[in-house]
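Peer 1: So here's model.txt (compact mmCIF, C-alpha atoms and all ligand atoms).
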```
# COMPACT_ATOMS: atom_id res chain seq x y z
CA MET A 794 49.64 -0.42 -16.30
CA SER A 795 48.61 1.61 -19.30
CA ILE A 796 48.03 5.29 -19.06
CA GLN A 797 44.41 4.76 -19.91
CA THR A 798 43.65 2.47 -16.99
CA GLN A 799 45.52 4.79 -14.69
CA LEU A 800 43.50 7.70 -15.97
CA SER A 801 40.23 5.87 -15.55
CA LYS A 802 41.25 4.99 -11.99
CA ILE A 803 41.78 8.64 -11.25
CA VAL A 804 38.44 9.50 -12.84
CA ASP A 805 36.74 6.79 -10.75
CA TYR A 806 38.31 8.21 -7.62
CA PHE A 807 36.73 11.59 -8.19
CA LYS A 808 33.44 10.30 -9.52
CA ARG A 809 31.12 10.17 -6.52
CA PRO A 810 29.25 6.91 -6.02
CA PRO A 811 25.54 7.14 -6.86
CA LYS A 812 23.38 8.28 -3.95
CA SER A 813 21.60 5.42 -2.24
CA ALA A 814 18.17 6.83 -3.10
CA GLN A 815 19.09 6.70 -6.79
CA VAL A 816 20.11 3.07 -6.42
CA ALA A 817 16.83 2.36 -4.61
CA LYS A 818 14.81 3.97 -7.36
CA GLU A 819 16.50 2.00 -10.12
CA ARG A 820 16.10 -1.30 -8.28
CA LEU A 821 12.44 -0.57 -7.62
CA GLN A 822 11.73 0.33 -11.23
CA ILE A 823 13.13 -2.98 -12.39
CA ILE A 824 11.44 -5.25 -9.86
CA ILE A 825 8.08 -3.52 -10.05
CA ALA A 826 8.01 -3.62 -13.85
CA HIS A 827 8.67 -7.36 -13.61
CA GLU A 828 6.02 -7.94 -10.96
CA ARG A 829 3.42 -6.00 -12.91
CA THR A 830 3.76 -8.27 -15.93
CA GLU A 831 3.56 -11.30 -13.65
CA ARG A 832 0.36 -10.18 -11.96
CA ASP A 833 -1.43 -9.50 -15.22
CA LYS A 834 -1.33 -13.21 -15.92
CA PRO A 835 -4.51 -15.09 -15.06
CA ASP A 836 -4.47 -17.25 -11.93
CA TYR A 837 -4.97 -20.47 -13.88
CA LEU A 838 -1.66 -20.07 -15.69
CA SER A 839 0.43 -21.79 -13.02
CA LEU A 840 -2.14 -24.60 -12.72
CA LEU A 841 -2.11 -25.04 -16.47
CA GLN A 842 1.68 -25.14 -16.35
CA GLN A 843 1.55 -27.90 -13.73
CA ASP A 844 -0.94 -29.95 -15.76
CA LEU A 845 1.13 -29.61 -18.91
CA LEU A 846 4.22 -30.61 -16.97
CA ASP A 847 2.43 -33.70 -15.65
CA VAL A 848 1.37 -34.74 -19.15
CA ILE A 849 4.75 -34.14 -20.74
CA THR A 850 6.71 -35.96 -18.01
CA LYS A 851 4.59 -39.00 -18.71
CA TYR A 852 6.57 -39.26 -21.93
CA VAL A 853 9.80 -37.28 -21.49
CA ALA A 854 11.89 -36.68 -18.39
CA ILE A 855 12.01 -32.89 -18.00
CA ASN A 856 12.06 -30.39 -15.16
CA ARG A 857 9.57 -27.69 -14.36
CA GLU A 858 12.06 -25.05 -15.50
CA ASP A 859 12.09 -26.60 -18.96
CA ILE A 860 8.53 -25.47 -19.56
CA LYS A 861 7.87 -21.79 -20.17
CA ILE A 862 4.36 -20.52 -20.52
CA ASP A 863 3.65 -16.95 -21.47
CA LEU A 864 0.57 -15.02 -22.21
CA ASP A 865 0.77 -12.15 -24.65
CA ARG A 866 -1.95 -9.72 -25.48
CA LYS A 867 -2.14 -8.33 -28.99
CA ASP A 868 -4.98 -6.42 -30.59
CA GLY A 869 -7.60 -7.66 -28.19
CA CYS A 870 -6.69 -11.34 -28.41
CA SER A 871 -4.48 -13.38 -26.11
CA ILE A 872 -1.75 -15.67 -27.34
CA LEU A 873 -0.64 -18.57 -25.21
CA GLU A 874 2.99 -19.35 -25.87
CA LEU A 875 4.32 -22.73 -24.79
CA ASN A 876 8.04 -23.48 -24.90
CA VAL A 877 9.33 -26.89 -23.93
CA THR A 878 13.02 -27.66 -23.91
CA LEU A 879 13.41 -31.39 -24.49
CA PRO A 880 16.49 -33.28 -23.36
CA ASN A 881 18.99 -34.30 -26.00
CA PHE A 882 17.05 -36.57 -28.29
CA LYS A 883 19.85 -38.92 -29.39
CA GLU A 884 20.24 -40.34 -25.94
CA SER A 885 17.04 -42.07 -25.21
CA PRO A 886 13.85 -41.51 -27.04
CA SER A 887 13.39 -45.17 -27.85
CA SER A 888 14.49 -46.48 -24.46
CA LEU A 889 12.28 -43.97 -22.71
CA PHE A 890 9.42 -45.01 -24.83
CA LYS A 891 10.05 -48.66 -24.08
CA GLU A 892 10.09 -47.92 -20.37
CA ILE A 893 6.69 -46.34 -20.55
CA VAL A 894 5.34 -49.17 -22.60
CA THR A 895 6.71 -51.84 -20.31
CA GLU A 896 5.47 -50.06 -17.24
CA GLU A 897 1.90 -50.39 -18.33
CA MET B 53 -25.15 5.64 0.49
CA ALA B 54 -21.89 6.24 2.37
CA LYS B 55 -18.60 6.52 0.51
CA ILE B 56 -16.17 3.85 1.65
CA ILE B 57 -12.48 4.70 2.01
CA VAL B 58 -9.85 2.02 2.66
CA VAL B 59 -6.53 3.01 4.20
CA THR B 60 -4.11 0.33 3.07
CA SER B 61 -0.40 -0.32 2.51
CA GLY B 62 0.64 -3.96 2.44
CA LYS B 63 3.66 -3.26 4.60
CA GLY B 64 3.15 -2.93 8.34
CA GLY B 65 3.88 0.06 10.52
CA VAL B 66 3.86 2.69 7.79
CA GLY B 67 1.13 4.86 9.33
CA LYS B 68 -2.26 3.39 8.32
CA THR B 69 -3.85 3.68 11.76
CA THR B 70 -2.37 7.16 12.32
CA THR B 71 -3.82 8.15 8.95
CA SER B 72 -7.22 6.50 9.49
CA ALA B 73 -7.65 8.32 12.79
CA SER B 74 -6.73 11.72 11.39
CA PHE B 75 -8.71 11.15 8.22
CA ALA B 76 -11.83 10.26 10.16
CA VAL B 77 -11.52 13.24 12.52
CA GLY B 78 -10.78 15.53 9.58
CA LEU B 79 -13.87 14.45 7.64
CA ALA B 80 -16.09 14.63 10.72
CA ASN B 81 -14.86 18.11 11.59
CA ARG B 82 -15.85 19.18 8.10
CA GLY B 83 -19.39 18.18 8.98
CA TYR B 84 -19.53 14.73 7.38
CA LYS B 85 -21.04 11.98 9.45
CA THR B 86 -18.17 9.52 9.61
CA ALA B 87 -17.53 6.01 10.93
CA VAL B 88 -14.05 4.56 11.24
CA ILE B 89 -13.67 0.78 11.42
CA ASP B 90 -10.66 -1.14 12.73
CA PHE B 91 -10.19 -4.19 10.47
CA ASP B 92 -7.07 -5.32 12.33
CA ILE B 93 -8.76 -8.24 14.08
CA GLY B 94 -6.65 -9.57 16.95
CA LEU B 95 -4.49 -6.46 17.05
CA ARG B 96 -6.91 -3.71 18.00
CA ASN B 97 -5.11 -0.35 18.10
CA LEU B 98 -7.29 2.29 16.54
CA ASP B 99 -9.10 2.66 19.89
CA LEU B 100 -5.81 3.70 21.53
CA ILE B 101 -4.96 6.21 18.82
CA MET B 102 -8.48 7.67 19.08
CA GLY B 103 -8.32 7.66 22.88
CA CYS B 104 -11.43 5.52 23.41
CA GLU B 105 -9.83 2.25 24.55
CA ARG B 106 -11.63 2.23 27.89
CA ARG B 107 -15.04 2.63 26.32
CA VAL B 108 -14.93 -0.51 24.17
CA VAL B 109 -17.75 -2.86 25.16
CA TYR B 110 -18.72 -4.63 21.96
CA ASP B 111 -16.73 -4.86 18.75
CA PHE B 112 -16.90 -5.49 14.99
CA VAL B 113 -16.96 -9.28 15.37
CA ASN B 114 -19.69 -9.14 18.03
CA VAL B 115 -21.85 -7.30 15.52
CA ILE B 116 -21.06 -9.74 12.72
CA ARG B 117 -21.96 -12.68 14.95
CA GLY B 118 -25.16 -11.00 16.09
CA GLU B 119 -23.98 -10.80 19.71
CA ALA B 120 -24.57 -7.04 19.74
CA ASN B 121 -26.21 -4.57 17.44
CA LEU B 122 -24.35 -1.83 15.66
CA ASN B 123 -25.57 0.94 17.97
CA GLN B 124 -24.23 -0.91 20.98
CA ALA B 125 -20.80 -1.36 19.40
CA LEU B 126 -20.27 2.10 17.88
CA ILE B 127 -18.35 4.45 20.16
CA ARG B 128 -19.05 8.15 19.93
CA ASP B 129 -15.77 10.02 19.47
CA LYS B 130 -14.98 12.62 22.09
CA HIS B 131 -13.22 15.02 19.71
CA ALA B 132 -15.57 15.27 16.74
CA LYS B 133 -19.33 15.39 16.97
CA GLU B 134 -20.09 13.49 13.79
CA LEU B 135 -17.61 10.66 14.35
CA PHE B 136 -18.10 7.06 15.52
CA ILE B 137 -15.58 4.27 16.00
CA LEU B 138 -16.16 0.56 15.47
CA PRO B 139 -13.32 -1.23 17.28
CA ALA B 140 -11.71 -4.48 16.16
CA SER B 141 -12.15 -7.62 18.17
CA GLN B 142 -9.21 -9.13 20.03
CA THR B 143 -10.17 -12.67 19.04
CA ARG B 144 -7.50 -14.95 17.61
CA ASP B 145 -10.04 -16.59 15.34
CA LYS B 146 -8.77 -15.86 11.84
CA ASP B 147 -12.15 -16.55 10.28
CA ALA B 148 -14.05 -14.11 12.46
CA LEU B 149 -14.48 -11.69 9.58
CA THR B 150 -16.71 -12.95 6.80
CA LEU B 151 -17.59 -11.33 3.50
CA GLU B 152 -21.30 -11.48 4.31
CA GLY B 153 -20.72 -10.11 7.81
CA VAL B 154 -18.66 -7.17 6.57
CA ALA B 155 -21.20 -6.50 3.82
CA LYS B 156 -24.02 -6.43 6.36
CA VAL B 157 -22.24 -3.98 8.68
CA LEU B 158 -21.20 -1.66 5.83
CA ASP B 159 -24.73 -1.73 4.43
CA GLU B 160 -26.23 -0.77 7.72
CA LEU B 161 -23.68 2.00 8.30
CA GLY B 162 -24.19 3.19 4.74
CA ASN B 163 -27.74 4.28 5.51
CA THR B 164 -26.75 6.87 8.10
CA PHE B 165 -23.14 7.84 7.41
CA ASP B 166 -21.51 9.98 4.73
CA TYR B 167 -18.08 8.36 4.97
CA ILE B 168 -16.81 5.04 6.26
CA VAL B 169 -13.05 4.84 6.81
CA CYS B 170 -11.62 1.29 6.90
CA ASP B 171 -8.29 0.93 8.71
CA SER B 172 -6.69 -2.09 7.03
CA PRO B 173 -4.32 -4.48 8.76
CA ALA B 174 -0.89 -5.04 7.20
CA GLY B 175 -0.36 -7.94 4.82
CA ILE B 176 -2.57 -9.40 2.11
CA GLU B 177 -4.59 -11.85 4.18
CA ARG B 178 -8.32 -11.93 4.78
CA GLY B 179 -8.54 -8.79 6.95
CA ALA B 180 -6.71 -6.67 4.40
CA GLN B 181 -8.72 -8.10 1.52
CA LEU B 182 -12.03 -7.51 3.26
CA ALA B 183 -11.03 -3.97 4.25
CA MET B 184 -10.56 -3.08 0.58
CA TYR B 185 -13.28 -5.24 -0.97
CA PHE B 186 -16.17 -2.77 -0.79
CA ALA B 187 -14.12 0.42 -1.14
CA ASP B 188 -14.89 3.38 -3.38
CA TYR B 189 -11.65 5.18 -2.52
CA ALA B 190 -8.24 3.88 -1.48
CA VAL B 191 -5.60 5.82 0.40
CA VAL B 192 -2.36 3.93 -0.20
CA VAL B 193 -0.04 4.83 2.66
CA THR B 194 3.58 4.60 1.59
CA ASN B 195 6.90 5.39 3.23
CA PRO B 196 9.74 6.56 0.97
CA GLU B 197 11.57 3.27 1.30
CA VAL B 198 12.00 0.27 -1.03
CA SER B 199 9.87 -2.38 0.67
CA SER B 200 7.01 -0.02 1.36
CA VAL B 201 6.91 1.20 -2.25
CA ARG B 202 7.00 -2.32 -3.61
CA ASP B 203 4.23 -3.48 -1.26
CA SER B 204 2.12 -0.47 -2.22
CA ASP B 205 2.41 -1.47 -5.84
CA ARG B 206 1.28 -4.95 -4.88
CA MET B 207 -1.77 -3.45 -3.16
CA LEU B 208 -2.56 -1.43 -6.28
CA GLY B 209 -2.67 -4.73 -8.15
CA LEU B 210 -5.13 -6.16 -5.62
CA LEU B 211 -7.26 -3.01 -5.63
CA SER B 212 -7.74 -3.32 -9.36
CA SER B 213 -8.53 -7.04 -9.36
CA LYS B 214 -9.72 -8.40 -6.01
CA THR B 215 -12.40 -5.86 -5.11
CA LYS B 216 -16.13 -5.64 -5.66
CA ARG B 217 -15.80 -2.80 -8.14
CA ALA B 218 -13.24 -4.78 -10.13
CA GLU B 219 -15.25 -7.99 -10.06
CA GLU B 220 -18.42 -6.24 -11.18
CA GLY B 221 -16.54 -4.37 -13.89
CA ARG B 222 -17.66 -1.03 -12.48
CA GLU B 223 -15.64 2.16 -12.45
CA PRO B 224 -12.41 1.33 -10.59
CA ILE B 225 -11.62 2.43 -7.05
CA THR B 226 -10.24 5.98 -6.90
CA GLU B 227 -6.64 5.57 -5.75
CA HIS B 228 -4.70 8.15 -3.77
CA LEU B 229 -1.08 8.05 -2.72
CA LEU B 230 -0.25 9.32 0.76
CA LEU B 231 3.47 9.57 1.38
CA THR B 232 4.17 9.47 5.11
CA ARG B 233 7.22 9.76 7.37
CA TYR B 234 8.83 11.95 4.74
CA SER B 235 12.11 13.51 5.72
CA PRO B 236 13.11 16.38 3.37
CA LYS B 237 16.57 16.53 4.89
CA ARG B 238 17.34 12.92 4.06
CA VAL B 239 15.97 13.41 0.56
CA THR B 240 18.35 16.33 0.05
CA ASN B 241 21.20 14.15 1.28
CA GLY B 242 20.28 11.58 -1.34
CA ASP B 243 19.47 8.87 1.17
CA MET B 244 15.69 8.85 0.86
CA LEU B 245 13.46 8.41 -2.17
CA SER B 246 11.94 11.75 -3.13
CA ILE B 247 8.28 12.56 -3.76
CA ASN B 248 9.00 12.49 -7.49
CA ASP B 249 10.77 9.14 -7.29
CA VAL B 250 7.83 7.45 -5.54
CA ASN B 251 5.30 9.21 -7.73
CA GLU B 252 7.07 8.13 -10.86
CA ILE B 253 7.20 4.51 -9.76
CA LEU B 254 3.66 4.11 -8.42
CA ALA B 255 2.01 6.48 -10.90
CA ILE B 256 -1.12 7.32 -8.94
CA PRO B 257 -2.20 10.83 -7.89
CA LEU B 258 -0.48 12.20 -4.80
CA LEU B 259 -2.98 13.18 -2.12
CA GLY B 260 -0.53 14.38 0.49
CA VAL B 261 2.89 14.24 2.10
CA ILE B 262 3.07 13.79 5.87
CA PRO B 263 6.49 14.65 7.28
CA GLU B 264 8.30 12.49 9.81
CA SER B 265 7.21 14.29 12.97
CA GLN B 266 7.61 14.13 16.71
CA ALA B 267 4.00 15.24 16.98
CA VAL B 268 2.75 11.82 15.84
CA LEU B 269 4.20 9.97 18.83
CA ARG B 270 2.96 12.70 21.17
CA ALA B 271 -0.50 12.38 19.65
CA SER B 272 -0.65 8.62 20.08
CA ASN B 273 0.69 8.92 23.63
CA SER B 274 -2.29 11.06 24.55
CA GLY B 275 -4.91 9.43 22.33
CA GLU B 276 -5.58 12.61 20.36
CA PRO B 277 -5.32 12.10 16.58
CA VAL B 278 -2.48 14.27 15.30
CA ILE B 279 -4.76 16.28 13.00
CA LEU B 280 -6.09 17.95 16.16
CA ASP B 281 -2.61 19.33 16.85
CA GLN B 282 -2.83 22.15 14.33
CA LYS B 283 0.40 23.67 15.61
CA SER B 284 2.32 20.67 14.36
CA ASP B 285 3.61 20.05 10.84
CA ALA B 286 2.03 16.58 10.62
CA GLY B 287 -1.31 17.90 11.89
CA GLN B 288 -1.37 20.63 9.26
CA ALA B 289 -0.27 18.21 6.56
CA TYR B 290 -3.18 15.89 7.45
CA ALA B 291 -5.61 18.83 7.37
CA ASP B 292 -4.33 19.75 3.89
CA THR B 293 -4.75 16.12 2.85
CA ILE B 294 -8.43 16.14 3.88
CA ALA B 295 -8.98 19.41 2.01
CA ARG B 296 -7.47 17.90 -1.14
CA PHE B 297 -9.53 14.75 -0.73
CA LEU B 298 -12.62 16.95 -0.70
CA GLY B 299 -11.54 18.62 -3.91
CA GLU B 300 -9.56 21.68 -2.84
CA GLN B 301 -6.33 22.53 -4.63
CA LEU B 302 -3.53 23.10 -2.19
CA PRO B 303 0.24 23.09 -2.62
CA HIS B 304 2.17 20.43 -0.70
CA ARG B 305 3.89 21.77 2.41
CA PHE B 306 6.72 20.51 4.65
CA ILE B 307 8.50 18.97 1.69
CA GLU B 308 11.49 21.31 1.70
CA GLU B 309 14.39 21.01 4.10
CA LYS B 310 14.14 23.58 6.87
CA SER B 311 17.07 25.83 6.18
CA HIS B 312 19.34 27.19 8.85
CA TRP B 313 18.24 30.58 10.20
CA LEU B 314 21.45 32.14 8.93
CA LYS B 315 20.76 30.85 5.44
CA ARG B 316 17.22 32.14 5.61
CA ILE B 317 18.41 35.62 6.48
CA PHE B 318 20.86 35.57 3.60
CA SER B 319 18.28 34.36 1.10
CA LEU B 320 15.93 37.11 2.31
CA LYS B 321 18.67 39.68 1.74
CA GLU B 322 19.31 38.28 -1.71
CA LYS B 323 15.64 38.50 -2.58
CA GLU B 324 15.45 42.10 -1.38
CA THR B 325 18.37 43.17 -3.51
CA VAL B 326 16.99 41.53 -6.64
N1 LIG A 901 4.47 10.96 10.17
C1 LIG A 901 5.01 10.23 11.15
N2 LIG A 901 6.08 10.69 11.85
C2 LIG A 901 6.62 9.96 12.83
N3 LIG A 901 6.17 8.76 13.23
C3 LIG A 901 5.10 8.25 12.60
C4 LIG A 901 4.47 8.94 11.52
N4 LIG A 901 3.44 8.17 11.07
C5 LIG A 901 3.43 7.07 11.84
N5 LIG A 901 4.42 7.10 12.76
C6 LIG A 901 4.74 6.08 13.78
O1 LIG A 901 4.90 4.84 13.12
C7 LIG A 901 4.39 3.79 13.92
C8 LIG A 901 3.36 2.99 13.13
O2 LIG A 901 2.24 3.80 12.87
P1 LIG A 901 0.80 3.17 12.67
O3 LIG A 901 0.41 2.34 13.82
O4 LIG A 901 -0.11 4.28 12.27
O5 LIG A 901 1.10 2.24 11.41
P2 LIG A 901 0.20 1.09 10.80
O6 LIG A 901 0.48 1.10 9.34
O7 LIG A 901 -1.22 1.25 11.22
O8 LIG A 901 0.81 -0.21 11.47
P3 LIG A 901 0.22 -1.71 11.39
O9 LIG A 901 0.60 -2.22 10.04
O10 LIG A 901 0.90 -2.42 12.49
O11 LIG A 901 -1.27 -1.59 11.57
C9 LIG A 901 3.81 4.43 15.16
O12 LIG A 901 4.76 4.31 16.18
C10 LIG A 901 3.61 5.87 14.75
O13 LIG A 901 3.73 6.71 15.86
MG MG A 902 -2.58 -0.19 12.12
```
As structure tokens, what does this structure read like?
Peer 2:
Amino acid sequence: MSIQTQLSKIVDYFKRPPKSAQVAKERLQIIIAHERTERDKPDYLSLLQQDLLDVITKYVAINREDIKIDLDRKDGCSILELNVTLPNFKESPSSLFKEIVTEE
Amino acid sequence: MAKIIVVTSGKGGVGKTTTSASFAVGLANRGYKTAVIDFDIGLRNLDLIMGCERRVVYDFVNVIRGEANLNQALIRDKHAKELFILPASQTRDKDALTLEGVAKVLDELGNTFDYIVCDSPAGIERGAQLAMYFADYAVVVTNPEVSSVRDSDRMLGLLSSKTKRAEEGREPITEHLLLTRYSPKRVTNGDMLSINDVNEILAIPLLGVIPESQAVLRASNSGEPVILDQKSDAGQAYADTIARFLGEQLPHRFIEEKSHWLKRIFSLKEKETV
């Protein structure tokens, strides 16, 4: 064991753990900041997300987590940001397409 | 037109009913004609805290359904002359409260009362939403504890979006933070969130701090709102809270750990020598 790690162990021993109220405060600050940005989103956002998911899965097999929708406000106008992670394209675009075509 | 105050919290058991009772008595004793309404349908309790449980004949839902008129349902408080109580119904029907019904009752009360205090149920369901919907003022009751603080923040979100004032784009509800069950000793020990911690997180004006107090249980045992016990710390803290609500500037009390008598003597000595 190097001297440094031994030293830091000694320092850790004397360093008192953070008081539980301090831990509580930090956890609250993080979760509440997150929840505030969530609640500023309009109610239709999750419905819109579902509709988009329905449309996209008609053509590509993806999961709900692969779609990210965000609303940003800048200078009095809102920007809807849509991010879709598609599965690896080499595998199957043509076969998938065929499937859809033959289904109909 | 009466001013409508909602006492709300999200989390259950933090002291909404205790606060509603003392708030209503405090306002009435200052000469304001006050009505206090129990919105906790199915779990009526304000009547017990106010000591009028045996005088309930008709309730809030009876009035909404037209089975009784308001004058028949309002109970005159025995402590304060200007105070009336509208008890909750014990029905299990979740749809007993309607927006139109609540609007009608508040309208009618608004003609004769100065203040209407709405004791909200816990949670974010219909009863809680209706209790806050028509409010002009909100008293957000919070305990210095993680889940209570988080739920209070959630309620602040609802107050600024799911209320009449918000929907009509009028001036927002005036929000007040009331920190209850505060224990200065545990704050000093580092095991309880401090006033500053909670204030920093919720960022709304602090109306008062009610200490954790034996007097509260005694008060509910006897059906005398704790504000009437002016010998007690909690009673005095509620009286200060009312004064601040009405615009007075008062320092917060009972927020420092009571020091040991020996320590007090020494600090006195120190002060004298300085
Ligand atoms: N300052 C205080 N000190 C000690 N005990 C308190 C204090 N405030 C409230 N309590 C106690 O906490 C319990 C819950 O209080 P109360 O009924 O007022 O809460 P509530 O928010 O109305 O609850 P619910 O969500 O069930 O309606 C009661 O037993 C009450 O005596
Ligand atoms: Mg209650």
Peer 1: Compute the set of protein, DNA and RNA residues whose minimum atom distance to ligand MG 902 (chain A) is at most 7 Å, using only C-alpha atoms and all ligand atoms, and state it as a list in words.
Peer 2: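 The residues within 7 Å of ligand MG 902 (chain A), counting only C-alpha atoms and all ligand atoms, are Gly65, Gly67, Lys68, Thr69, Asp92, Asn97, Leu98, Asp171, Ser172 and Pro173 of chain B.
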Peer 1: Using all atoms listed in the file, which protein or nucleic acid residues come within 9 Å of Leu229 of chain B? Drop anything in the same chain fewer than 6 positions from it, and give the result as a ChimeraX atom specification.
Peer 2: /B:190-194,251,254-261
Peer 1: Kindly export the residues of the current selection with C-alpha atoms, as a PDB file, keeping the file's coordinate frame.
Peer 2:
```pdb
ATOM      1  CA  ALA B 190      -8.240   3.880  -1.480  1.00  0.00           C
ATOM      2  CA  VAL B 191      -5.600   5.820   0.400  1.00  0.00           C
ATOM      3  CA  VAL B 192      -2.360   3.930  -0.200  1.00  0.00           C
ATOM      4  CA  VAL B 193      -0.040   4.830   2.660  1.00  0.00           C
ATOM      5  CA  THR B 194       3.580   4.600   1.590  1.00  0.00           C
ATOM      6  CA  ASN B 251       5.300   9.210  -7.730  1.00  0.00           C
ATOM      7  CA  LEU B 254       3.660   4.110  -8.420  1.00  0.00           C
ATOM      8  CA  ALA B 255       2.010   6.480 -10.900  1.00  0.00           C
ATOM      9  CA  ILE B 256      -1.120   7.320  -8.940  1.00  0.00           C
ATOM     10  CA  PRO B 257      -2.200  10.830  -7.890  1.00  0.00           C
ATOM     11  CA  LEU B 258      -0.480  12.200  -4.800  1.00  0.00           C
ATOM     12  CA  LEU B 259      -2.980  13.180  -2.120  1.00  0.00           C
ATOM     13  CA  GLY B 260      -0.530  14.380   0.490  1.00  0.00           C
ATOM     14  CA  VAL B 261       2.890  14.240   2.100  1.00  0.00           C
TER      15      VAL B 261
END
```
Peer 1: Atom CA of Arg106 of chain B and atom CA of Lys133 of chain B, how far apart in Å?
Peer 2: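 If I compute the distance from atom CA of Lys133 of chain B to atom CA of Arg106 of chain B, I get 18.8 Å.
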Peer 1: For atom CA of Thr86 of chain B and atom CA of Val58 of chain B, quote the distance in Å rounded to one decimal.
Peer 2: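 A separation of 13.2 Å between them.
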Peer 1: Counting all atoms listed in the file, which of B:Ala87, B:Ala180, B:Gly162, B:Ser213 gets nearest to Pro835 of chain A?
Peer 2: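 Ranked by minimum distance to Pro835 of chain A, first place goes to B:Ser213.
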Peer 1: Please identify the residues whose atoms come within 7 Å of ligand LIG 901 (chain A), using only C-alpha atoms and all ligand atoms, and report them as a list of chain:residue names.
Peer 2: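 Listing the residues within 7 Å of ligand LIG 901 (chain A) gives B:Lys63, B:Gly64, B:Gly65, B:Val66, B:Gly67, B:Lys68, B:Thr69, B:Thr70, B:Thr71, B:Asp92, B:Pro173, B:Ala174, B:Thr232, B:Arg233, B:Ile262, B:Pro263, B:Glu264, B:Ser265, B:Gln266, B:Val268, B:Leu269, B:Ser272, B:Ala286.
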Peer 1: Draw an axis-aligned box tight on the listed atoms of segment 136-140 of chain B, then pad every side by 8 Å and write out centre and edge lengths in Å to one decimal as AutoDock Vina command-line options.
Peer 2:
```
--center_x -14.9 --center_y 1.3 --center_z 16.4 --size_x 22.4 --size_y 27.5 --size_z 17.8
```
Peer 1: So that each row is one residue of chain A with an atom at most 12 Å from chain B, can you give its shortest atom pair and the distance in Å to one decimal, using all atoms listed in the file, rows by chain and rising number, as CSV?
Peer 2:
```
residue,atom,partner,partner_atom,distance
A:Pro810,CA,B:Gly242,CA,11.1
A:Pro811,CA,B:Gly242,CA,8.8
A:Lys812,CA,B:Gly242,CA,5.2
A:Ser813,CA,B:Asp243,CA,5.3
A:Ala814,CA,B:Asp243,CA,4.9
A:Gln815,CA,B:Gly242,CA,7.4
A:Val816,CA,B:Leu245,CA,9.5
A:Ala817,CA,B:Val198,CA,6.4
A:Lys818,CA,B:Asp249,CA,6.6
A:Glu819,CA,B:Asp249,CA,9.6
A:Arg820,CA,B:Val198,CA,8.5
A:Leu821,CA,B:Val198,CA,6.7
A:Gln822,CA,B:Ile253,CA,6.3
A:Ile823,CA,B:Ile253,CA,9.9
A:Ile824,CA,B:Arg202,CA,8.2
A:Ile825,CA,B:Arg202,CA,6.6
A:Ala826,CA,B:Ile253,CA,9.1
A:His827,CA,B:Arg202,CA,11.3
A:Glu828,CA,B:Arg206,CA,8.3
A:Arg829,CA,B:Gly209,CA,7.8
A:Thr830,CA,B:Gly209,CA,10.7
A:Glu831,CA,B:Gly209,CA,10.6
A:Arg832,CA,B:Gly209,CA,7.3
A:Asp833,CA,B:Gly209,CA,8.6
A:Lys834,CA,B:Ser213,CA,11.5
A:Pro835,CA,B:Ser213,CA,10.7
A:Asp836,CA,B:Ser213,CA,11.3
```
Peer 1: Quick one: everything within 7 Å of Leu135 of chain B, counting only C-alpha atoms, minus sequence neighbours fewer than 6 positions away in the same chain. Send it as a ChimeraX atom specification.
Peer 2: /B:77,80,85-87,128-129
Peer 1: Pick the closest to Leu846 of chain A from A:Leu800, A:Gly869, A:Asn876, A:Leu864: which is it, counting only C-alpha atoms?
Peer 2: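 Using only C-alpha atoms, Leu846 of chain A sits closest to A:Asn876.
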Peer 1: What's the separation between atom CA of Gly103 of chain B and atom CA of Arg144 of chain B, in Å to one decimal place?
Peer 2: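 Atom-to-atom, atom CA of Gly103 of chain B and atom CA of Arg144 of chain B are spaced 23.2 Å apart.
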Peer 1: Mind listing whatever residues come within 8 Å of the point (4.3, -19.7, -22.0)? Use all atoms listed in the file, file coordinates, and give them as a list in words.
Peer 2: Ile860, Lys861, Ile862, Asp863, Leu864, Leu873, Glu874, Leu875 and Asn876 of chain A
Peer 1: Would you please work out which residue, of A:Val804, A:Val877, A:Cys870, A:Ile796, is nearest to Arg857 of chain A when using all atoms listed in the file?
Peer 2: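 Smallest separation from Arg857 of chain A among the options: A:Val877.
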